[in-house]
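Trainee: To be precise about what I am sending: the file is called protein_34.cif and holds mmCIF, C-alpha atoms and all ligand atoms.
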```cif
data_input
loop_
_atom_site.label_atom_id
_atom_site.label_comp_id
_atom_site.auth_asym_id
_atom_site.auth_seq_id
_atom_site.Cartn_x
_atom_site.Cartn_y
_atom_site.Cartn_z
CA MET E 1 0.00 0.00 0.00
CA ASN E 2 1.19 3.51 -0.73
CA THR E 3 1.10 5.41 2.56
CA HIS E 4 2.25 8.61 0.92
CA ASN E 5 -1.17 10.15 0.82
CA LEU E 6 -2.32 9.11 4.26
CA LYS E 7 -3.34 12.26 6.14
CA LEU E 8 -3.03 13.01 9.84
CA GLY E 9 -5.68 14.82 11.85
CA VAL E 10 -4.39 15.68 15.31
CA ASN E 11 -6.94 15.59 18.11
CA ILE E 12 -5.89 18.26 20.64
CA ASP E 13 -8.62 17.64 23.26
CA HIS E 14 -6.11 16.68 25.91
CA VAL E 15 -4.19 19.91 25.61
CA ALA E 16 -7.44 21.44 26.87
CA THR E 17 -7.74 18.70 29.52
CA LEU E 18 -4.45 19.91 31.01
CA ARG E 19 -5.65 23.51 30.98
CA GLN E 20 -9.04 22.66 32.52
CA ALA E 21 -7.35 20.66 35.29
CA ARG E 22 -6.06 23.92 36.77
CA GLY E 23 -8.44 26.50 35.34
CA THR E 24 -5.49 28.36 33.80
CA VAL E 25 -5.32 29.91 30.33
CA TYR E 26 -2.48 27.57 29.34
CA PRO E 27 -1.71 25.34 27.58
CA ASN E 28 -3.65 27.05 24.82
CA PRO E 29 -5.17 24.55 22.33
CA LEU E 30 -4.85 27.13 19.55
CA ALA E 31 -1.10 27.43 20.17
CA ALA E 32 -0.86 23.62 20.08
CA ALA E 33 -2.87 23.53 16.85
CA ARG E 34 -0.50 26.03 15.26
CA LEU E 35 2.46 23.81 16.18
CA CYS E 36 0.66 20.79 14.65
CA GLU E 37 0.04 22.84 11.52
CA ALA E 38 3.70 23.90 11.32
CA ALA E 39 4.77 20.25 11.80
CA GLY E 40 2.77 19.14 8.77
CA ALA E 41 -0.53 17.88 10.21
CA HIS E 42 -3.34 17.93 7.66
CA GLY E 43 -6.11 18.76 10.09
CA ILE E 44 -7.08 19.47 13.68
CA THR E 45 -9.82 17.58 15.47
CA VAL E 46 -11.60 18.69 18.64
CA HIS E 47 -14.48 17.06 20.46
CA LEU E 48 -16.90 19.59 21.91
CA ARG E 49 -18.47 17.39 24.56
CA GLU E 50 -21.81 18.20 26.09
CA ASP E 51 -20.17 18.43 29.55
CA ARG E 52 -17.36 20.69 28.15
CA ARG E 53 -14.78 18.71 30.11
CA HIS E 54 -11.93 19.79 27.84
CA ILE E 55 -12.59 21.79 24.68
CA GLN E 56 -14.74 24.91 25.24
CA ASP E 57 -16.94 26.75 22.75
CA ARG E 58 -14.42 29.60 22.57
CA ASP E 59 -11.69 27.14 21.52
CA VAL E 60 -13.72 25.97 18.55
CA THR E 61 -14.40 29.57 17.45
CA ALA E 62 -10.72 30.53 17.81
CA LEU E 63 -9.56 27.46 15.86
CA ARG E 64 -12.08 28.13 13.10
CA LYS E 65 -10.77 31.69 12.69
CA ALA E 66 -7.05 30.94 12.83
CA LEU E 67 -6.44 27.55 11.21
CA LYS E 68 -5.31 27.15 7.64
CA ILE E 69 -5.65 23.36 7.76
CA ARG E 70 -8.97 21.55 8.09
CA LEU E 71 -10.99 21.72 11.28
CA ASN E 72 -12.90 18.54 12.16
CA LEU E 73 -15.46 18.93 14.94
CA GLU E 74 -16.27 15.71 16.75
CA MET E 75 -19.67 15.86 18.39
CA ALA E 76 -22.84 14.13 19.48
CA ALA E 77 -25.87 14.60 17.24
CA THR E 78 -27.78 16.67 19.81
CA PRO E 79 -29.76 19.83 18.93
CA GLU E 80 -27.49 22.09 21.05
CA ILE E 81 -24.22 20.92 19.51
CA ILE E 82 -25.66 20.78 15.98
CA ALA E 83 -26.69 24.44 16.35
CA ILE E 84 -23.11 25.32 17.36
CA ALA E 85 -21.68 23.41 14.38
CA LEU E 86 -24.03 25.22 12.00
CA LYS E 87 -22.82 28.54 13.41
CA VAL E 88 -19.09 27.76 13.52
CA ARG E 89 -19.07 25.82 10.22
CA PRO E 90 -16.07 23.52 10.62
CA ASP E 91 -14.78 21.86 7.45
CA GLU E 92 -15.87 18.48 8.77
CA VAL E 93 -18.06 17.09 11.49
CA CYS E 94 -17.57 13.61 12.90
CA LEU E 95 -20.69 12.38 14.69
CA VAL E 96 -19.91 10.16 17.66
CA PRO E 97 -21.93 8.49 20.41
CA GLU E 98 -21.40 10.26 23.72
CA LYS E 99 -21.96 9.11 27.28
CA ARG E 100 -21.38 11.47 30.18
CA ARG E 101 -19.63 8.95 32.36
CA GLU E 102 -17.24 7.56 29.76
CA LEU E 103 -13.50 8.36 29.90
CA THR E 104 -13.38 8.52 26.10
CA THR E 105 -15.66 7.57 23.20
CA GLU E 106 -16.32 3.92 23.94
CA GLY E 107 -17.60 2.53 20.67
CA GLY E 108 -19.00 3.37 17.29
CA LEU E 109 -22.40 4.85 16.55
CA ASP E 110 -25.39 2.58 16.15
CA VAL E 111 -26.33 4.11 12.80
CA PHE E 112 -28.85 1.36 12.20
CA GLY E 113 -30.62 2.02 15.52
CA GLN E 114 -30.44 5.83 15.33
CA TRP E 115 -31.34 6.05 11.69
CA LYS E 116 -33.83 8.93 11.89
CA THR E 117 -31.78 11.23 14.14
CA LEU E 118 -28.63 10.70 12.11
CA LYS E 119 -30.30 11.13 8.73
CA THR E 120 -31.71 14.51 9.83
CA ALA E 121 -28.37 15.60 11.35
CA VAL E 122 -26.35 14.57 8.28
CA ALA E 123 -28.74 16.42 5.95
CA ARG E 124 -28.71 19.65 8.03
CA LEU E 125 -24.92 19.74 8.26
CA ALA E 126 -24.41 18.76 4.60
CA ASP E 127 -26.77 21.59 3.55
CA GLU E 128 -24.22 24.01 5.05
CA GLY E 129 -21.38 22.43 3.06
CA ILE E 130 -19.96 20.50 6.03
CA ALA E 131 -18.53 17.06 5.22
CA VAL E 132 -20.12 14.66 7.69
CA SER E 133 -18.34 11.60 8.97
CA LEU E 134 -19.86 8.86 11.13
CA PHE E 135 -17.68 7.14 13.73
CA ILE E 136 -18.52 3.46 13.50
CA ASP E 137 -17.21 0.00 14.17
CA PRO E 138 -15.99 -1.88 11.08
CA ASP E 139 -19.30 -3.71 10.76
CA ARG E 140 -21.03 -4.21 7.39
CA ARG E 141 -24.50 -3.50 8.72
CA GLN E 142 -23.35 -0.17 10.19
CA LEU E 143 -21.43 0.70 7.03
CA ASP E 144 -24.48 0.01 4.88
CA ALA E 145 -26.54 2.20 7.21
CA ALA E 146 -23.91 4.99 7.09
CA ALA E 147 -24.04 5.04 3.29
CA ALA E 148 -27.84 4.96 3.35
CA VAL E 149 -28.15 7.97 5.70
CA GLY E 150 -26.09 9.94 3.17
CA ALA E 151 -22.81 10.42 5.07
CA PRO E 152 -19.92 10.80 2.60
CA VAL E 153 -17.28 9.75 5.16
CA VAL E 154 -16.91 7.10 7.86
CA GLU E 155 -14.31 6.97 10.58
CA LEU E 156 -13.58 3.37 11.51
CA HIS E 157 -13.22 2.84 15.24
CA THR E 158 -9.73 1.42 15.72
CA GLY E 159 -9.93 1.25 19.53
CA THR E 160 -10.80 -2.45 19.73
CA TYR E 161 -7.80 -3.33 17.56
CA CYS E 162 -5.51 -0.96 19.47
CA ASP E 163 -6.56 -2.44 22.84
CA ALA E 164 -6.42 -6.06 21.64
CA ALA E 165 -3.87 -8.53 22.96
CA GLY E 166 -2.76 -11.99 21.82
CA ALA E 167 -4.75 -13.81 19.17
CA SER E 168 -7.44 -11.14 18.94
CA ILE E 169 -4.98 -8.62 17.45
CA ARG E 170 -5.05 -10.35 14.06
CA ARG E 171 -8.79 -10.86 14.20
CA GLU E 172 -9.43 -7.17 14.96
CA LEU E 173 -7.00 -6.05 12.27
CA LYS E 174 -8.78 -8.25 9.73
CA ARG E 175 -12.11 -6.70 10.73
CA LEU E 176 -10.64 -3.25 10.07
CA MET E 177 -9.19 -4.33 6.72
CA ASP E 178 -12.47 -5.92 5.59
CA GLY E 179 -14.48 -2.94 6.86
CA ALA E 180 -12.26 -0.44 5.05
CA ARG E 181 -12.54 -2.34 1.75
CA TYR E 182 -16.29 -2.65 2.13
CA ALA E 183 -16.73 1.05 2.97
CA HIS E 184 -14.56 2.07 0.03
CA ALA E 185 -16.62 -0.12 -2.30
CA LEU E 186 -19.75 1.66 -1.04
CA GLY E 187 -18.15 4.92 -2.22
CA LEU E 188 -17.39 6.22 1.27
CA GLN E 189 -14.23 8.10 2.27
CA VAL E 190 -12.57 5.98 4.94
CA ASN E 191 -10.91 7.57 7.96
CA ALA E 192 -9.83 5.76 11.10
CA GLY E 193 -9.04 6.64 14.66
CA HIS E 194 -8.98 5.94 18.37
CA GLY E 195 -6.16 4.55 20.45
CA ILE E 196 -3.52 4.74 17.71
CA ASN E 197 0.05 5.13 18.97
CA LEU E 198 3.61 4.59 17.77
CA ASP E 199 3.49 0.90 18.82
CA ASN E 200 0.27 -0.16 17.08
CA ILE E 201 0.41 2.05 13.97
CA ARG E 202 2.24 -0.62 11.96
CA GLY E 203 -0.91 -2.72 11.87
CA ILE E 204 -3.06 0.29 10.96
CA LEU E 205 -0.81 0.89 7.93
CA CYS E 206 -1.92 -2.54 6.59
CA VAL E 207 -5.54 -1.31 6.39
CA PRO E 208 -6.35 -0.42 2.76
CA CYS E 209 -8.28 2.56 1.35
CA LEU E 210 -7.55 4.95 4.23
CA ASP E 211 -7.71 8.71 3.74
CA THR E 212 -7.05 10.15 7.23
CA LEU E 213 -6.00 8.94 10.66
CA ASN E 214 -7.25 10.95 13.63
CA ILE E 215 -4.84 10.60 16.52
CA GLY E 216 -4.93 12.46 19.83
CA HIS E 217 -3.99 11.05 23.19
CA SER E 218 -0.73 9.37 22.21
CA ILE E 219 0.55 12.49 20.42
CA VAL E 220 -0.28 14.79 23.33
CA ALA E 221 1.24 12.28 25.78
CA ARG E 222 4.40 12.02 23.66
CA ALA E 223 4.61 15.81 23.37
CA VAL E 224 4.75 16.06 27.17
CA LEU E 225 7.78 13.77 27.25
CA VAL E 226 9.68 15.13 24.28
CA GLY E 227 9.11 18.68 25.56
CA MET E 228 10.05 18.05 29.21
CA ARG E 229 13.79 18.64 28.86
CA LEU E 230 13.26 22.03 27.24
CA ALA E 231 10.56 23.04 29.74
CA VAL E 232 12.86 22.29 32.70
CA ARG E 233 15.76 24.12 31.07
CA GLU E 234 13.58 27.16 30.46
CA MET E 235 12.56 27.26 34.12
CA LEU E 236 16.14 26.84 35.34
CA LYS E 237 17.15 29.71 33.06
CA ALA E 238 14.38 31.87 34.51
CA MET E 239 15.66 31.03 38.04
CA ALA E 240 19.27 31.78 37.18
CA GLY E 241 18.99 35.45 38.12
CA TYR E 242 18.32 34.64 41.80
CA ARG E 243 20.64 36.57 44.09
CA GLY E 244 19.36 35.38 47.45
N1 LIG B 301 -11.59 9.65 16.56
C1 LIG B 301 -12.67 9.72 17.35
C2 LIG B 301 -14.02 9.65 16.71
C3 LIG B 301 -12.55 9.90 18.73
O1 LIG B 301 -13.65 9.98 19.52
C4 LIG B 301 -11.26 10.05 19.28
C5 LIG B 301 -11.10 10.34 20.73
O2 LIG B 301 -11.59 11.60 21.03
C6 LIG B 301 -10.16 9.96 18.42
C7 LIG B 301 -10.35 9.74 17.06
C8 LIG B 301 -8.76 10.08 18.92
O3 LIG B 301 -8.51 9.01 19.76
P1 LIG B 301 -7.16 9.00 20.63
O4 LIG B 301 -7.19 10.20 21.51
O5 LIG B 301 -7.25 7.70 21.36
O6 LIG B 301 -6.03 9.04 19.64
#
```
So, in terms of structure tokens, how does the structure I just supplied come out?
Mentor:
Amino acid sequence: MNTHNLKLGVNIDHVATLRQARGTVYPNPLAAARLCEAAGAHGITVHLREDRRHIQDRDVTALRKALKIRLNLEMAATPEIIAIALKVRPDEVCLVPEKRRELTTEGGLDVFGQWKTLKTAVARLADEGIAVSLFIDPDRRQLDAAAAVGAPVVELHTGTYCDAAGASIRRELKRLMDGARYAHALGLQVNAGHGINLDNIRGILCVPCLDTLNIGHSIVARAVLVGMRLAVREMLKAMAGYRG
């Protein structure tokens, strides 16, 4: 497979998690997004959760104004958040299931079960020129339903593969490969995301027909480590003027 054209969307939610933990103004997600942009990322993803635990409305507005690369807004298909998306007009929206008590998005959408809600949401967002993606498990029934509700893009949930151990790794990877081929044959753009890191990405690169990978937690976690040396040096330099 030619990986040359595979795009990276960086999910910067957890930059905001760090800020919200202390109620400070830093680290600023927009500053992080600019660094991602400068490093070659193709897009920025943020999840505006109903409980606003990390990304805030003002972050989405600021990103929309400042970014040159694509802004992908992850969100639940609720009237409140749909209204915000219609106002902010991100380049893309990725509809996800959302539970208040979950640590992170726990599984794909049940497009089949939520047919009516999703069809209405997809149509409203598409009318405003927003490319709508549905976050789903690599399951043929869900993929058929995604195509039938009129979504041009699906994001395959890679979390089960990324969390798998032992014999299930190959099984989960095969599911992703079959799902990607099937979605592509349905005419859908195929993205993938959740739980991808530097250890498991080799398997993901075997999945055919991929357009974009959306990766968040592992990149933010890695950024903390690769930046630590510089951050400590900066503070020591700031302390160097101490004269007792
Ligand atoms: N794609 C979707 C739809 C997600 O919900 C998430 C998590 O917010 C991601 C990608 C990124 O997952 P991770 O932070 O595990 O890389």
Trainee: How would you report the residues lying within 9 Å of ligand LIG 301 (chain B), as a PyMOL selection string, if you count all atoms listed in the file?
Mentor: chain E and resi 9-14+45-47+74-75+94-98+104-108+134-136+155-159+191-197+213-220
Trainee: Rank E:Ala238, E:Leu118, E:Leu63, E:Val153 by their smallest atom-to-atom distance to Ala183 in chain E, using only C-alpha atoms, and report the top residue only.
Mentor: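 When distances to Ala183 in chain E are compared using only C-alpha atoms, the smallest one comes from E:Val153.
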Trainee: Please, what distance in Å, to one decimal, runs between CA of Leu8 in chain E and CA of Ser168 in chain E?
Mentor: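 CA of Ser168 in chain E lies 26.2 Å from CA of Leu8 in chain E.
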Trainee: Tell me which of E:Gly40, E:His54, E:Ala185, E:Thr160 sits closest to Leu103 in chain E, counting all atoms listed in the file.
Mentor: E:His54
Trainee: Determine the nearest neighbour of Val25 in chain E from the options E:Val224, E:Ala165, E:Asn5, E:Asp59, counting all atoms listed in the file.
Mentor: E:Asp59
Trainee: Which is closest to Gln189 in chain E among E:Ile81, E:Ala146, E:Val15, E:Cys206, if we use only C-alpha atoms?
Mentor: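 For Gln189 in chain E, the nearest of the candidates is E:Ala146.
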Trainee: Out of E:Thr24, E:Ala180, E:Pro79, E:Lys99, which residue has the shortest atom-to-atom distance to Thr117 in chain E when counting all atoms listed in the file?
Mentor: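 Smallest distance to Thr117 in chain E is found for E:Pro79.
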Trainee: Using only C-alpha atoms, which residue out of E:Arg34, E:Lys174, E:Arg229, E:Lys116 lies closest to Lys68 in chain E?
Mentor: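 For Lys68 in chain E, the nearest of the given residues is E:Arg34.
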Trainee: Any idea what the distance is between CA of Val93 in chain E and CA of Leu71 in chain E?
Mentor: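 CA of Leu71 in chain E lies 8.5 Å from CA of Val93 in chain E.
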Trainee: To one decimal in Å, tell me the separation between CA of Pro90 in chain E and CA of Gln114 in chain E.
Mentor: 23.3 Å
Trainee: Around the point (0.8, 16.7, 31.7) (coordinates from the file), which residues reach within 10 Å if we count all atoms listed in the file? Answer as a PDB file with C-alpha atoms, keeping the file's coordinate frame.
Mentor:
```pdb
ATOM      1  CA  HIS E  14      -6.110  16.680  25.910  1.00  0.00           C
ATOM      2  CA  VAL E  15      -4.190  19.910  25.610  1.00  0.00           C
ATOM      3  CA  THR E  17      -7.740  18.700  29.520  1.00  0.00           C
ATOM      4  CA  LEU E  18      -4.450  19.910  31.010  1.00  0.00           C
ATOM      5  CA  ARG E  19      -5.650  23.510  30.980  1.00  0.00           C
ATOM      6  CA  ALA E  21      -7.350  20.660  35.290  1.00  0.00           C
ATOM      7  CA  PRO E  27      -1.710  25.340  27.580  1.00  0.00           C
ATOM      8  CA  VAL E 220      -0.280  14.790  23.330  1.00  0.00           C
ATOM      9  CA  ALA E 221       1.240  12.280  25.780  1.00  0.00           C
ATOM     10  CA  ARG E 222       4.400  12.020  23.660  1.00  0.00           C
ATOM     11  CA  ALA E 223       4.610  15.810  23.370  1.00  0.00           C
ATOM     12  CA  VAL E 224       4.750  16.060  27.170  1.00  0.00           C
ATOM     13  CA  LEU E 225       7.780  13.770  27.250  1.00  0.00           C
ATOM     14  CA  MET E 228      10.050  18.050  29.210  1.00  0.00           C
TER      15      MET E 228
END
```
Trainee: Could you name the residues that touch Glu128 in chain E at 8 Å or less, counting all atoms listed in the file, but leaving out those on the same chain fewer than 2 positions away, as an MDAnalysis selection string?
Mentor: chainID E and resid 86 89 124:126 130
Trainee: Hey, what's within 9 Å of Ile204 in chain E if we count only C-alpha atoms and toss same-chain stuff fewer than 4 positions away? As a PyMOL selection string, please?
Mentor: chain E and resi 158+161-162+173+176-177+192+196+200+208
